[in-house]
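coords-v4.cif, holding mmCIF, C-alpha atoms and all ligand atoms:
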```cif
data_upload
loop_
_atom_site.group_PDB
_atom_site.id
_atom_site.type_symbol
_atom_site.label_atom_id
_atom_site.label_comp_id
_atom_site.auth_asym_id
_atom_site.auth_seq_id
_atom_site.Cartn_x
_atom_site.Cartn_y
_atom_site.Cartn_z
ATOM 1 C CA MET A 1 -45.444 -36.133 40.401
ATOM 2 C CA ILE A 2 -42.042 -37.758 40.902
ATOM 3 C CA ASP A 3 -40.235 -36.135 43.812
ATOM 4 C CA SER A 4 -37.192 -37.669 45.448
ATOM 5 C CA GLY A 5 -36.314 -34.574 47.461
ATOM 6 C CA GLN A 6 -33.702 -33.223 45.030
ATOM 7 C CA CYS A 7 -33.015 -29.478 44.857
ATOM 8 C CA ASP A 8 -30.976 -27.307 42.500
ATOM 9 C CA ARG A 9 -28.130 -25.156 43.774
ATOM 10 C CA ALA A 10 -30.544 -22.289 44.545
ATOM 11 C CA GLY A 11 -32.608 -24.582 46.751
ATOM 12 C CA ARG A 12 -35.512 -24.943 44.352
ATOM 13 C CA ARG A 13 -37.241 -28.335 44.618
ATOM 14 C CA VAL A 14 -36.815 -30.252 41.378
ATOM 15 C CA THR A 15 -39.731 -32.526 40.461
ATOM 16 C CA LEU A 16 -40.870 -34.422 37.380
ATOM 17 C CA ARG A 17 -44.503 -33.972 36.447
ATOM 18 C CA PRO A 18 -46.830 -35.244 33.730
ATOM 19 C CA VAL A 19 -47.182 -33.011 30.697
ATOM 20 C CA ASP A 20 -50.706 -31.654 31.129
ATOM 21 C CA ASP A 21 -53.082 -28.874 30.098
ATOM 22 C CA ASP A 22 -51.282 -26.371 32.333
ATOM 23 C CA ASN A 23 -47.621 -26.948 31.475
ATOM 24 C CA TRP A 24 -47.459 -28.315 27.924
ATOM 25 C CA ARG A 25 -46.816 -24.958 26.251
ATOM 26 C CA ALA A 26 -43.898 -24.202 28.551
ATOM 27 C CA VAL A 27 -42.485 -27.703 28.011
ATOM 28 C CA ALA A 28 -42.788 -27.340 24.222
ATOM 29 C CA ASP A 29 -40.835 -24.064 24.384
ATOM 30 C CA ILE A 30 -37.855 -25.571 26.269
ATOM 31 C CA ALA A 31 -34.769 -24.854 24.140
ATOM 32 C CA PRO A 32 -31.100 -25.815 24.483
ATOM 33 C CA ARG A 33 -28.219 -23.433 23.788
ATOM 34 C CA ASP A 34 -27.561 -22.908 20.063
ATOM 35 C CA ASP A 35 -24.263 -24.825 20.272
ATOM 36 C CA GLN A 36 -26.104 -27.832 21.758
ATOM 37 C CA ARG A 37 -28.413 -28.208 18.773
ATOM 38 C CA THR A 38 -26.045 -30.737 17.217
ATOM 39 C CA PHE A 39 -26.997 -33.059 20.089
ATOM 40 C CA VAL A 40 -30.695 -32.351 20.635
ATOM 41 C CA PRO A 41 -33.572 -30.708 18.719
ATOM 42 C CA ALA A 42 -34.015 -26.935 18.801
ATOM 43 C CA LEU A 43 -37.175 -27.264 20.875
ATOM 44 C CA ALA A 44 -38.541 -29.897 23.267
ATOM 45 C CA ALA A 45 -41.718 -29.726 21.168
ATOM 46 C CA ARG A 46 -40.069 -32.351 18.945
ATOM 47 C CA TYR A 47 -39.968 -34.757 21.884
ATOM 48 C CA LEU A 48 -43.601 -34.077 22.733
ATOM 49 C CA VAL A 49 -44.611 -35.043 19.203
ATOM 50 C CA LEU A 50 -42.436 -38.161 19.432
ATOM 51 C CA THR A 51 -43.999 -39.293 22.695
ATOM 52 C CA MET A 52 -47.515 -38.632 21.369
ATOM 53 C CA ARG A 53 -46.726 -40.860 18.383
ATOM 54 C CA SER A 54 -44.922 -43.554 20.395
ATOM 55 C CA ASP A 55 -46.107 -46.434 22.560
ATOM 56 C CA VAL A 56 -42.688 -46.582 24.220
ATOM 57 C CA TRP A 57 -41.806 -43.116 25.454
ATOM 58 C CA THR A 58 -43.440 -40.940 28.095
ATOM 59 C CA SER A 59 -42.543 -37.253 28.380
ATOM 60 C CA LEU A 60 -42.177 -35.530 31.737
ATOM 61 C CA ALA A 61 -41.881 -31.848 32.577
ATOM 62 C CA VAL A 62 -38.928 -30.863 34.756
ATOM 63 C CA HIS A 63 -40.064 -28.309 37.313
ATOM 64 C CA ALA A 64 -37.925 -26.197 39.649
ATOM 65 C CA ASP A 65 -40.491 -25.259 42.269
ATOM 66 C CA GLU A 66 -43.392 -24.189 39.993
ATOM 67 C CA THR A 67 -41.273 -23.113 36.994
ATOM 68 C CA VAL A 68 -40.983 -25.430 33.978
ATOM 69 C CA VAL A 69 -37.236 -25.689 33.289
ATOM 70 C CA GLY A 70 -36.814 -28.804 31.170
ATOM 71 C CA HIS A 71 -38.021 -31.977 29.504
ATOM 72 C CA VAL A 72 -37.088 -35.619 29.965
ATOM 73 C CA MET A 73 -38.693 -38.858 28.810
ATOM 74 C CA TRP A 74 -38.537 -42.480 29.857
ATOM 75 C CA GLY A 75 -39.457 -45.816 28.315
ATOM 76 C CA VAL A 76 -39.295 -49.596 28.721
ATOM 77 C CA ASP A 77 -37.419 -51.767 26.204
ATOM 78 C CA ASP A 78 -38.448 -55.281 25.148
ATOM 79 C CA ASP A 79 -35.919 -56.774 27.589
ATOM 80 C CA GLY A 80 -37.402 -54.826 30.508
ATOM 81 C CA SER A 81 -34.558 -52.319 30.723
ATOM 82 C CA ARG A 82 -35.592 -48.747 31.394
ATOM 83 C CA TRP A 83 -34.440 -45.937 29.086
ATOM 84 C CA ILE A 84 -33.997 -42.232 29.633
ATOM 85 C CA GLY A 85 -34.083 -39.848 26.660
ATOM 86 C CA GLY A 86 -34.951 -36.328 25.603
ATOM 87 C CA MET A 87 -33.066 -34.705 28.480
ATOM 88 C CA VAL A 88 -32.994 -30.950 27.879
ATOM 89 C CA ILE A 89 -32.689 -28.165 30.392
ATOM 90 C CA ASP A 90 -33.630 -24.746 29.022
ATOM 91 C CA ALA A 91 -30.551 -22.690 28.111
ATOM 92 C CA ALA A 92 -31.402 -20.006 30.678
ATOM 93 C CA GLU A 93 -31.649 -22.626 33.444
ATOM 94 C CA GLN A 94 -28.472 -24.614 32.799
ATOM 95 C CA ASP A 95 -25.498 -24.884 35.175
ATOM 96 C CA ARG A 96 -27.729 -24.447 38.226
ATOM 97 C CA GLY A 97 -27.895 -28.064 39.296
ATOM 98 C CA VAL A 98 -31.280 -28.759 37.691
ATOM 99 C CA GLY A 99 -30.057 -31.415 35.240
ATOM 100 C CA ARG A 100 -28.310 -33.379 37.969
ATOM 101 C CA ALA A 101 -31.371 -33.225 40.216
ATOM 102 C CA ALA A 102 -33.699 -34.256 37.377
ATOM 103 C CA VAL A 103 -31.643 -37.266 36.259
ATOM 104 C CA LYS A 104 -31.130 -38.384 39.878
ATOM 105 C CA THR A 105 -34.875 -38.117 40.516
ATOM 106 C CA LEU A 106 -35.723 -40.156 37.426
ATOM 107 C CA THR A 107 -33.065 -42.833 38.023
ATOM 108 C CA ASP A 108 -34.150 -43.251 41.670
ATOM 109 C CA TRP A 109 -37.728 -43.752 40.482
ATOM 110 C CA LEU A 110 -36.878 -46.077 37.576
ATOM 111 C CA ALA A 111 -34.495 -48.126 39.759
ATOM 112 C CA LYS A 112 -37.454 -49.368 41.797
ATOM 113 C CA ALA A 113 -38.180 -51.775 38.919
ATOM 114 C CA GLY A 114 -34.800 -53.462 39.549
ATOM 115 C CA GLN A 115 -33.900 -53.342 35.857
ATOM 116 C CA PRO A 116 -30.871 -51.749 34.157
ATOM 117 C CA ILE A 117 -31.335 -48.102 33.212
ATOM 118 C CA ARG A 118 -29.876 -47.062 29.867
ATOM 119 C CA LEU A 119 -29.415 -43.870 27.910
ATOM 120 C CA SER A 120 -27.294 -42.661 25.027
ATOM 121 C CA TYR A 121 -25.263 -39.566 24.322
ATOM 122 C CA HIS A 122 -23.005 -38.274 21.570
ATOM 123 C CA PRO A 123 -19.289 -38.809 22.342
ATOM 124 C CA ASP A 124 -18.671 -35.066 21.892
ATOM 125 C CA ASN A 125 -21.372 -34.138 24.423
ATOM 126 C CA THR A 126 -18.960 -33.674 27.311
ATOM 127 C CA SER A 127 -21.505 -32.015 29.651
ATOM 128 C CA ALA A 128 -23.909 -34.928 29.332
ATOM 129 C CA ALA A 129 -21.094 -37.478 29.625
ATOM 130 C CA ALA A 130 -19.795 -35.837 32.821
ATOM 131 C CA LEU A 131 -23.273 -35.669 34.325
ATOM 132 C CA TYR A 132 -24.203 -39.278 33.575
ATOM 133 C CA THR A 133 -20.799 -40.669 34.600
ATOM 134 C CA SER A 134 -20.948 -38.844 37.922
ATOM 135 C CA LEU A 135 -24.324 -40.481 38.601
ATOM 136 C CA GLY A 136 -22.906 -43.972 38.011
ATOM 137 C CA PHE A 137 -23.654 -44.605 34.322
ATOM 138 C CA HIS A 138 -20.908 -46.436 32.441
ATOM 139 C CA PRO A 139 -20.549 -46.929 28.679
ATOM 140 C CA THR A 140 -21.552 -50.447 27.608
ATOM 141 C CA GLY A 141 -19.424 -50.382 24.452
ATOM 142 C CA ALA A 142 -22.574 -50.505 22.307
ATOM 143 C CA MET A 143 -23.655 -47.645 20.056
ATOM 144 C CA GLU A 144 -27.086 -46.459 18.908
ATOM 145 C CA ASP A 145 -26.722 -44.520 15.676
ATOM 146 C CA ASP A 146 -23.765 -42.252 16.485
ATOM 147 C CA GLU A 147 -24.327 -42.246 20.266
ATOM 148 C CA LEU A 148 -22.682 -44.206 23.080
ATOM 149 C CA ILE A 149 -25.040 -46.352 25.145
ATOM 150 C CA ALA A 150 -24.434 -46.116 28.893
ATOM 151 C CA GLU A 151 -26.008 -48.142 31.661
ATOM 152 C CA LEU A 152 -26.707 -47.835 35.366
ATOM 153 C CA THR A 153 -27.277 -51.079 37.227
ATOM 154 C CA PRO A 154 -29.517 -50.575 40.247
ATOM 155 C CA ALA A 155 -28.225 -51.905 43.553
ATOM 156 C CA PRO A 156 -30.133 -55.016 44.642
ATOM 157 C CA PRO A 157 -32.757 -54.321 47.329
ATOM 158 C CA ARG A 158 -31.513 -54.865 50.900
HETATM 159 C C1 LIG B 201 -26.572 -31.905 29.884
HETATM 160 C C2 LIG B 201 -27.585 -31.002 30.622
HETATM 161 C C3 LIG B 201 -28.912 -31.741 30.712
HETATM 162 C C4 LIG B 201 -27.054 -30.713 32.034
HETATM 163 O O1 LIG B 201 -28.038 -29.947 32.703
HETATM 164 P P1 LIG B 201 -27.624 -28.761 33.718
HETATM 165 O O2 LIG B 201 -28.822 -28.374 34.486
HETATM 166 O O3 LIG B 201 -26.916 -27.694 32.988
HETATM 167 O O4 LIG B 201 -26.574 -29.566 34.637
HETATM 168 P P2 LIG B 201 -26.175 -29.293 36.155
HETATM 169 O O5 LIG B 201 -26.037 -27.837 36.413
HETATM 170 O O6 LIG B 201 -27.063 -30.084 37.030
HETATM 171 O O7 LIG B 201 -24.723 -29.942 36.171
HETATM 172 C C5 LIG B 201 -24.615 -31.358 36.302
HETATM 173 C C6 LIG B 201 -23.295 -31.830 35.758
HETATM 174 O O8 LIG B 201 -23.297 -31.709 34.339
HETATM 175 C C7 LIG B 201 -21.967 -31.440 33.909
HETATM 176 N N1 LIG B 201 -21.988 -30.123 33.272
HETATM 177 C C8 LIG B 201 -22.976 -29.225 33.257
HETATM 178 N N2 LIG B 201 -22.606 -28.144 32.511
HETATM 179 C C9 LIG B 201 -21.363 -28.408 32.083
HETATM 180 C C10 LIG B 201 -20.442 -27.700 31.256
HETATM 181 N N3 LIG B 201 -20.720 -26.495 30.738
HETATM 182 N N4 LIG B 201 -19.246 -28.288 30.993
HETATM 183 C C11 LIG B 201 -18.944 -29.510 31.501
HETATM 184 N N5 LIG B 201 -19.776 -30.209 32.295
HETATM 185 C C12 LIG B 201 -20.959 -29.670 32.563
HETATM 186 C C13 LIG B 201 -21.084 -31.439 35.125
HETATM 187 O O9 LIG B 201 -20.611 -32.761 35.324
HETATM 188 C C14 LIG B 201 -22.075 -31.061 36.219
HETATM 189 O O10 LIG B 201 -21.589 -31.549 37.444
HETATM 190 P P3 LIG B 201 -21.662 -30.680 38.805
HETATM 191 O O11 LIG B 201 -23.044 -30.891 39.333
HETATM 192 O O12 LIG B 201 -20.616 -31.310 39.659
HETATM 193 O O13 LIG B 201 -21.376 -29.258 38.443
HETATM 194 C C15 LIG B 201 -27.753 -29.629 29.901
HETATM 195 O O14 LIG B 201 -26.476 -29.084 29.669
HETATM 196 C C16 LIG B 201 -28.511 -29.702 28.604
HETATM 197 O O15 LIG B 201 -29.752 -29.618 28.578
HETATM 198 N N6 LIG B 201 -27.782 -29.841 27.463
HETATM 199 C C17 LIG B 201 -28.418 -29.836 26.151
HETATM 200 C C18 LIG B 201 -29.194 -31.115 25.886
HETATM 201 C C19 LIG B 201 -28.345 -32.345 26.031
HETATM 202 O O16 LIG B 201 -27.207 -32.429 25.599
HETATM 203 N N7 LIG B 201 -28.951 -33.364 26.660
HETATM 204 C C20 LIG B 201 -28.339 -34.653 26.877
HETATM 205 C C21 LIG B 201 -28.578 -35.498 25.701
HETATM 206 S S1 LIG B 201 -27.888 -37.134 25.964
#
```

Represent the structure from my file as C-alpha cells, please.
Ligand SMILES: CC(C)(COP(=O)(O)OP(=O)(O)OC[C@H]1O[C@@H](n2cnc3c(N)ncnc32)[C@H](O)[C@@H]1OP(=O)(O)O)[C@@H](O)C(=O)NCCC(=O)NCCS
Amino acid sequence: MIDSGQCDRAGRRVTLRPVDDDNWRAVADIAPRDDQRTFVPALAARYLVLTMRSDVWTSLAVHADETVVGHVMWGVDDDGSRWIGGMVIDAAEQDRGVGRAAVKTLTDWLAKAGQPIRLSYHPDNTSAAALYTSLGFHPTGAMEDDELIAELTPAPPR
C-alpha cells in the first residue's frame, strides 16, 4: 500500500493499493463521466488489460478508506523517468478531492527515485491540466500522439 497521509475533502484516507483478488472487479468497473470518454476509455478494465499485457505499466487501485474509487498506473521509461497514466476517478466520486490526493500520493512515492516524473493529457482536458499544473507539472513542449507531455522535477534530497 502507498500511503502518504493524503485525505479527500470528506476526510477519507486516500491510498494506492495493488490490484488483487479482492478489489480487481471494483477497479475494472471504474468509469469516467460520459463526456470524459474522449480522453479516457469507458472503463478502467481497459487499463487492467493493458498492464497485464505490458512489461512497463503497473496498475494501482485508488482507495478512499476501504472504497475503490479509481485507477492509476505507473511505469519506468528507458531513460529512468517515471510515468503516470490511466488516471481515472469514478464519475460518482469526482470533485471530492480524491484525484488530487491520489496524484500527490503517487508523485511523492515516485519522487523518491530522484528521476523526472512525466504524464500526458489532451489539451482540451482542462480538469486534468488544472490538477497536474497545481501539483507542479509543467508542459515540456513535446507531444505524445495528440497529448501534451508534462513533467515534474523532484526537488533534490536535502
Ligand atoms: C481529472 C480527474 C482525475 C480529477 O479527479 P477529481 O477527484 O475529480 O479531482 P479533485 O476533486 O481532486 O480536484 C483536483 C483538481 O482538479 C481540477 N478539477 C477537478 N474537477 C474539475 C472541473 N470540473 N473543472 C475544472 N477543474 C477541475 C481542479 O484543479 C481541482 O483543484 P482543487 O483541488 O483546487 O479543486 C477526474 O476528473 C477524472 O477522472 N477525469 C476523467 C479521466 C481523466 O481525464 N484523467 C486524466 C487523463 S490525463

Selection as a ChimeraX atom specification: residues within 8 Å of ligand LIG 201 (chain B) by all atoms listed in the file:
/A:8,32-33,36-37,39-40,70,85-91,93-102,119-122,125-134

Would you list the residues near (-35.9, -21.9, 20.8), meaning any protein, DNA or RNA residue with an atom at most 7 Å from that point in file coordinates, counting all atoms listed in the file, as a PyMOL selection string?
chain A and resi 29-31+42-43

With only C-alpha atoms as the counted atoms, please give the residues lying no more than 10 Å from Val56 (chain A), apart from itself and same-chain residues fewer than 6 positions off, as a PyMOL selection string.
chain A and resi 50+73-78+83

Given the PyMOL selection byres (((chain A and resi 7) around 12) and not hetatm), the residues it picks as JSON, numbers by chain
{"A": [3, 4, 5, 6, 8, 9, 10, 11, 12, 13, 14, 15, 16, 62, 63, 64, 65, 96, 97, 98, 99, 100, 101, 102, 103, 104, 105]}

A:Ser81, A:Ser59, A:Thr140, A:Thr38 ranked by distance to Pro154 (chain A), top pick (using all atoms listed in the file)
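When distances to Pro154 (chain A) are compared using all atoms listed in the file, the smallest one comes from A:Ser81.
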
One number please: CA of His138 (chain A) to CA of His71 (chain A), in Å, one decimal.
22.6 Å

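One finds CA of Val68 (chain A) at 16.6 Å from CA of Arg46 (chain A).
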
Which of these, A:Asp124, A:Asn23, A:Leu148, A:Gly141, has the shortest distance to Glu66 (chain A) once you count only C-alpha atoms?
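Residue with the minimum atom-to-atom distance to Glu66 (chain A): A:Asn23.
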
Using CA of Ile2 (chain A) and CA of Asp79 (chain A) as the two end points, give the distance in Å to one decimal.
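Those two atoms sit 24.0 Å apart.
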
Nearest to Thr67 (chain A) among A:Arg17, A:Arg82, A:Arg118, A:Lys112, with distances taken over all atoms listed in the file: which residue is it?
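Looking at the shortest contact to Thr67 (chain A), the residue is A:Arg17.
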
Using all atoms listed in the file, pick whichever of A:Ala92, A:Val72, A:Arg53, A:Pro41 has the shortest atom-to-atom distance to Val19 (chain A).
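Smallest separation from Val19 (chain A) among the options: A:Val72.
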
Of the candidates A:Ala28, A:Ile117, A:Ala61, A:Met1, which one gets nearest to Gly80 (chain A) if we count only C-alpha atoms?
A:Ile117

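Using all atoms listed in the file for every distance, the candidate list A:Pro139, A:Gln115, A:Pro123, A:Val27 yields A:Val27 as the residue closest to Tyr47 (chain A).
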